[in-house]
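Printed here is run_0.txt (compact mmCIF, C-alpha atoms):
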```txt
# COMPACT_ATOMS: atom_id res chain seq x y z
CA MET A 1 -8.49 23.67 -30.58
CA SER A 2 -7.95 26.42 -28.02
CA ARG A 3 -8.37 25.97 -24.30
CA PRO A 4 -11.88 26.09 -22.75
CA VAL A 5 -13.19 29.59 -22.21
CA GLY A 6 -15.31 28.68 -19.17
CA GLY A 7 -15.94 25.97 -16.61
CA GLY A 8 -12.95 26.61 -14.38
CA THR A 9 -10.20 24.20 -13.39
CA HIS A 10 -12.35 21.07 -13.74
CA SER A 11 -13.10 21.79 -17.39
CA GLN A 12 -9.44 22.55 -17.91
CA LYS A 13 -8.38 19.22 -16.43
CA LEU A 14 -10.97 17.36 -18.47
CA PHE A 15 -9.79 19.16 -21.59
CA ASP A 16 -6.21 18.09 -20.94
CA LEU A 17 -7.15 14.49 -20.16
CA ALA A 18 -9.76 13.63 -22.76
CA HIS A 19 -10.58 16.33 -25.29
CA ASP A 20 -8.36 14.92 -28.03
CA ALA A 21 -9.90 11.48 -27.52
CA THR A 22 -13.46 12.82 -27.77
CA ASN A 23 -12.61 14.34 -31.16
CA GLN A 24 -12.00 10.83 -32.52
CA CYS A 25 -15.71 9.99 -32.24
CA VAL A 26 -17.53 10.46 -35.57
CA GLN A 27 -21.00 9.98 -34.00
CA CYS A 28 -21.79 7.11 -36.39
CA GLY A 29 -23.98 5.21 -33.91
CA TYR A 30 -22.41 1.76 -34.28
CA CYS A 31 -21.97 1.75 -30.51
CA LEU A 32 -25.68 2.12 -29.75
CA PRO A 33 -26.77 -1.55 -30.09
CA ALA A 34 -23.77 -2.63 -27.99
CA CYS A 35 -24.60 -0.34 -25.06
CA PRO A 36 -26.83 -1.91 -22.35
CA THR A 37 -27.86 1.42 -20.84
CA TYR A 38 -28.90 2.83 -24.22
CA GLU A 39 -30.80 -0.36 -25.03
CA SER A 40 -32.73 -0.16 -21.76
CA MET A 41 -33.24 3.62 -21.55
CA GLY A 42 -33.25 4.71 -25.20
CA LYS A 43 -31.70 8.12 -24.45
CA GLU A 44 -28.70 9.66 -26.18
CA THR A 45 -27.30 10.75 -22.84
CA ALA A 46 -27.25 7.04 -21.88
CA SER A 47 -25.29 6.07 -25.00
CA PRO A 48 -21.51 6.02 -25.58
CA ARG A 49 -21.57 8.66 -28.29
CA GLY A 50 -23.88 10.81 -26.17
CA ARG A 51 -21.56 10.61 -23.17
CA ILE A 52 -18.55 11.35 -25.34
CA ASN A 53 -20.26 14.45 -26.66
CA LEU A 54 -21.14 15.54 -23.12
CA VAL A 55 -17.53 15.06 -22.01
CA LYS A 56 -16.36 17.11 -25.00
CA MET A 57 -18.78 19.95 -24.18
CA ALA A 58 -17.82 19.90 -20.49
CA ALA A 59 -14.14 19.97 -21.44
CA GLU A 60 -14.81 23.03 -23.59
CA GLY A 61 -16.54 24.77 -20.68
CA LYS A 62 -19.98 24.67 -22.33
CA MET A 63 -21.64 22.76 -19.47
CA ASP A 64 -21.08 22.06 -15.80
CA VAL A 65 -19.13 18.95 -14.84
CA GLN A 66 -21.28 18.15 -11.81
CA GLN A 67 -24.74 19.27 -12.89
CA ASP A 68 -24.69 18.08 -16.50
CA LEU A 69 -22.06 15.35 -16.78
CA ALA A 70 -22.03 13.45 -13.47
CA LYS A 71 -25.35 11.58 -13.83
CA PRO A 72 -24.83 10.29 -17.42
CA ILE A 73 -21.32 9.12 -16.52
CA ASP A 74 -22.56 7.49 -13.31
CA LEU A 75 -25.12 5.47 -15.31
CA CYS A 76 -22.40 3.93 -17.49
CA LEU A 77 -21.63 0.32 -16.55
CA GLY A 78 -18.07 0.59 -17.80
CA CYS A 79 -18.39 -2.65 -19.80
CA ARG A 80 -16.66 -1.02 -22.80
CA ALA A 81 -18.61 -3.15 -25.28
CA CYS A 82 -18.81 0.03 -27.34
CA GLU A 83 -15.05 -0.05 -27.92
CA VAL A 84 -15.35 -3.40 -29.70
CA ALA A 85 -18.17 -2.08 -31.89
CA CYS A 86 -16.46 1.22 -32.71
CA PRO A 87 -15.15 1.26 -36.33
CA VAL A 88 -12.59 4.01 -35.64
CA GLY A 89 -11.28 2.76 -32.29
CA VAL A 90 -12.39 5.58 -30.00
CA PRO A 91 -10.76 5.00 -26.55
CA TYR A 92 -14.04 5.18 -24.64
CA GLY A 93 -12.51 3.62 -21.52
CA HIS A 94 -9.95 6.41 -21.31
CA ILE A 95 -12.64 9.08 -21.77
CA LEU A 96 -14.83 7.46 -19.11
CA GLU A 97 -12.04 7.24 -16.54
CA ALA A 98 -10.98 10.83 -17.21
CA ALA A 99 -14.55 12.02 -16.69
CA LYS A 100 -14.88 10.02 -13.46
CA GLU A 101 -11.61 11.47 -12.15
CA VAL A 102 -12.66 15.05 -12.84
CA ILE A 103 -16.15 14.52 -11.39
CA ALA A 104 -14.62 13.04 -8.24
CA ASP A 105 -12.32 16.07 -7.97
CA ALA A 106 -15.29 18.40 -8.37
CA ASP A 107 -17.28 16.53 -5.71
CA SER A 108 -14.42 16.61 -3.23
CA SER A 109 -13.80 20.31 -3.73
CA GLN A 110 -17.11 21.33 -2.17
CA PRO A 111 -19.12 19.98 0.77
CA SER A 112 -22.19 17.84 0.15
CA THR A 113 -25.37 19.88 0.35
CA GLY A 114 -29.00 18.91 0.35
CA LEU A 115 -30.58 15.59 1.21
CA ARG A 116 -29.10 13.76 -1.76
CA GLY A 117 -25.56 14.89 -1.02
CA LYS A 118 -25.82 14.09 2.68
CA LEU A 119 -27.31 10.67 1.94
CA LYS A 120 -24.51 9.88 -0.51
CA THR A 121 -21.87 10.91 2.02
CA MET A 122 -23.50 8.82 4.73
CA ILE A 123 -23.68 5.70 2.54
CA LEU A 124 -20.12 5.98 1.26
CA SER A 125 -18.57 6.85 4.61
CA HIS A 126 -20.66 5.00 7.17
CA LEU A 127 -22.18 2.00 5.36
CA PHE A 128 -20.13 0.52 2.52
CA PRO A 129 -16.86 0.26 4.51
CA TYR A 130 -18.57 -1.81 7.21
CA PRO A 131 -19.65 -5.34 6.13
CA ARG A 132 -21.64 -5.98 9.30
CA ARG A 133 -23.72 -2.90 8.66
CA LEU A 134 -24.27 -4.02 5.07
CA ARG A 135 -25.43 -7.43 6.27
CA ALA A 136 -27.78 -5.78 8.77
CA LEU A 137 -29.19 -3.57 6.02
CA GLY A 138 -29.65 -6.66 3.82
CA ASN A 139 -31.63 -8.32 6.61
CA LEU A 140 -33.87 -5.27 6.93
CA VAL A 141 -34.48 -5.14 3.18
CA TRP A 142 -35.32 -8.87 3.17
CA LEU A 143 -37.85 -8.25 5.98
CA TYR A 144 -39.24 -5.25 4.06
CA GLN A 145 -39.88 -7.53 1.07
CA LYS A 146 -41.06 -10.50 3.13
CA LEU A 147 -43.78 -8.47 4.87
CA GLY A 148 -44.95 -7.03 1.55
CA PHE A 149 -44.01 -3.45 2.32
CA ASP A 150 -42.37 -3.15 -1.11
CA LYS A 151 -45.66 -3.87 -2.90
CA LEU A 152 -47.52 -1.51 -0.58
CA ALA A 153 -44.99 1.28 -1.16
CA ARG A 154 -45.32 0.96 -4.94
CA LYS A 155 -49.11 0.69 -4.85
CA THR A 156 -49.44 3.80 -2.71
CA ARG A 157 -46.62 5.54 -4.63
CA LEU A 158 -44.61 6.09 -1.48
CA THR A 159 -41.50 5.28 -3.52
CA GLN A 160 -41.93 8.66 -5.22
CA LEU A 161 -41.09 10.26 -1.88
CA PHE A 162 -37.71 8.48 -1.76
CA PRO A 163 -34.60 10.37 -2.90
CA GLU A 164 -34.23 9.75 -6.65
CA PRO A 165 -31.36 7.22 -6.49
CA LEU A 166 -33.11 5.18 -3.78
CA GLY A 167 -36.40 5.25 -5.64
CA GLN A 168 -34.75 3.90 -8.80
CA PHE A 169 -32.84 1.29 -6.83
CA GLU A 170 -36.01 0.10 -5.10
CA LYS A 171 -37.73 -0.47 -8.44
CA VAL A 172 -35.07 -2.87 -9.72
CA LEU A 173 -34.18 -4.51 -6.40
CA PRO A 174 -34.45 -8.32 -6.82
CA PRO A 175 -35.97 -10.55 -4.10
CA LEU A 176 -33.33 -11.08 -1.42
CA GLU A 177 -32.39 -14.48 -0.03
CA SER A 178 -33.43 -15.27 3.53
CA PRO A 179 -30.62 -14.55 6.03
CA ALA A 180 -30.85 -18.20 7.15
CA LYS A 181 -30.11 -19.43 3.60
CA ARG A 182 -27.13 -17.21 2.84
CA ASN A 183 -23.76 -18.87 2.56
CA LYS A 184 -21.60 -18.54 5.66
CA TRP A 185 -17.91 -17.68 5.45
CA GLY A 186 -15.93 -20.86 4.96
CA THR A 187 -18.77 -22.67 3.18
CA ILE A 188 -17.62 -25.15 0.55
CA ILE A 189 -19.88 -25.19 -2.49
CA PRO A 190 -19.71 -28.47 -4.45
CA ALA A 191 -18.89 -28.26 -8.14
CA LYS A 192 -21.63 -28.72 -10.70
CA GLY A 193 -20.44 -31.51 -12.94
CA GLU A 194 -16.80 -32.54 -13.05
CA LYS A 195 -14.56 -31.10 -10.35
CA LYS A 196 -11.54 -29.46 -11.99
CA ALA A 197 -10.09 -27.23 -9.29
CA ARG A 198 -10.66 -25.74 -5.87
CA VAL A 199 -11.04 -21.98 -5.69
CA ALA A 200 -11.07 -19.67 -2.69
CA PHE A 201 -12.25 -16.06 -2.56
CA PHE A 202 -10.76 -13.58 -0.11
CA PRO A 203 -12.53 -10.36 0.86
CA ALA A 204 -10.73 -7.15 -0.05
CA VAL A 205 -11.76 -5.43 3.17
CA SER A 206 -11.54 -6.23 6.85
CA TRP A 207 -14.52 -8.24 8.08
CA THR A 208 -13.84 -7.57 11.75
CA ARG A 209 -15.62 -4.24 11.85
```
Take the structure I supplied and represent it as structure tokens, if you would.
Amino acid sequence: MSRPVGGGTHSQKLFDLAHDATNQCVQCGYCLPACPTYESMGKETASPRGRINLVKMAAEGKMDVQQDLAKPIDLCLGCRACEVACPVGVPYGHILEAAKEVIADADSSQPSTGLRGKLKTMILSHLFPYPRRLRALGNLVWLYQKLGFDKLARKTRLTQLFPEPLGQFEKVLPPLESPAKRNKWGTIIPAKGEKKARVAFFPAVSWTR
């Protein structure tokens, strides 16, 4: 097939990275029962074959990478259970990673605008890299739940005023453990049943911040 006629450099890059792979999908639907997001949401855009079709259309310049492709790709868990179920061996993992790479390039090429963009930038730049801030946020969320503010917010529909990602996150947020009951660094957790080995976990980031 010829190069994309629209969509700019991002569509071009996506075309080069994944268009051939998207053409391998025959849209048979064997992947649907294996996909957790499709099972829970029931939408084609939340299914492997739906995402593959969206990637193909974005690569051909028929839709915008950020506006039309970013959200469906972001919802994918990346479990790749669909690859096992696929009868023709579509390399879904490759398509997914190519789409993520191009979306990241598109995001970095323009400044974040609007409340959602600014909130995303703040979380990624000023929260996630700092474990102490994450722990402090966890304590605040635990207090929010403990005092019953979560039930009040849902009953009064205040959650609808939250930015969309936060509103969705709040709905599925499980009850948090009390800060006093959380495991401290260096805690040894006894084995359940027969002890076979001793395992240690090391954080991938600095915990001195």
Given only C-alpha atoms as the counted atoms, nearest of A:Leu69, A:Ala81, A:Leu134, A:Val141 to Asn53 (chain A):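 Smallest distance to Asn53 (chain A) is found for A:Leu69.
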Please list as a list in words every residue within 10 Å of Gly78 (chain A), counting all atoms listed in the file and excluding residues in the same chain fewer than 3 positions away.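 Skipping anything fewer than 3 positions along the chain leaves Cys35, Ile73, Asp74, Leu75, Ala81, Cys82, Tyr92, Gly93, Leu96 and Glu97 of chain A.
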Selection: 12 Å around His94 (chain A), only C-alpha atoms, excl. self and same-chain fewer than 2 positions, as number ranges by chain: A: 14, 17-22, 52, 55, 78, 80, 83, 89-92, 96-101
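Comparing the minimum interatomic distances between Thr121 (chain A) and each of A:Cys76, A:Asp107, A:Ile188, A:Glu170, counting all atoms listed in the file, we find that A:Asp107 sits nearest.
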Spatial neighbours of Met63 (chain A), 10 Å, all atoms listed in the file, chain gap at least 4 places, as a list in words: Gly6, Gly7, Ser11, Leu54, Val55, Lys56, Met57, Ala58, Ala59, Gln67, Asp68 and Leu69 of chain A
Counting only C-alpha atoms, the residue of A:Pro87, A:Asp105, A:Arg132, A:Gly138 that sits nearest Val26 (chain A):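 Smallest separation from Val26 (chain A) among the options: A:Pro87.
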Restricting the calculation to all atoms listed in the file: of A:Val102, A:Val84, A:Cys79, A:Ala34, which residue gets closest to Gly8 (chain A)? A:Val102
How many Å lie between CA of Cys25 (chain A) and CA of Met41 (chain A), rounded to one decimal?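 Answer for the CA of Cys25 (chain A) to CA of Met41 (chain A) separation: 21.5 Å.
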Listed atoms of region 147-157 of chain A boxed axis-aligned with 3 Å per side, centre + edges as JSON:
```
{"center_x": -45.9, "center_y": -1.5, "center_z": 0.0, "size_x": 13.1, "size_y": 20.0, "size_z": 15.8}
```
CA of Arg154 (chain A) and CA of Pro72 (chain A), how far apart in Å? 25.7 Å
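Between CA of Arg49 (chain A) and CA of Gln27 (chain A) lies a distance of 5.9 Å.
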Region 171-185 of chain A surroundings by only C-alpha atoms, 10 Å radius, close-in-sequence under 4 positions cut, as a PyMOL selection string: chain A and resi 135-136+138-146+150+154+159+166-167+189+201-202
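The residue set within 10 Å of Lys71 (chain A), counting all atoms listed in the file and dropping same-chain residues fewer than 6 places from it, reads Thr45, Ala46, Val65 and Ile103 of chain A.
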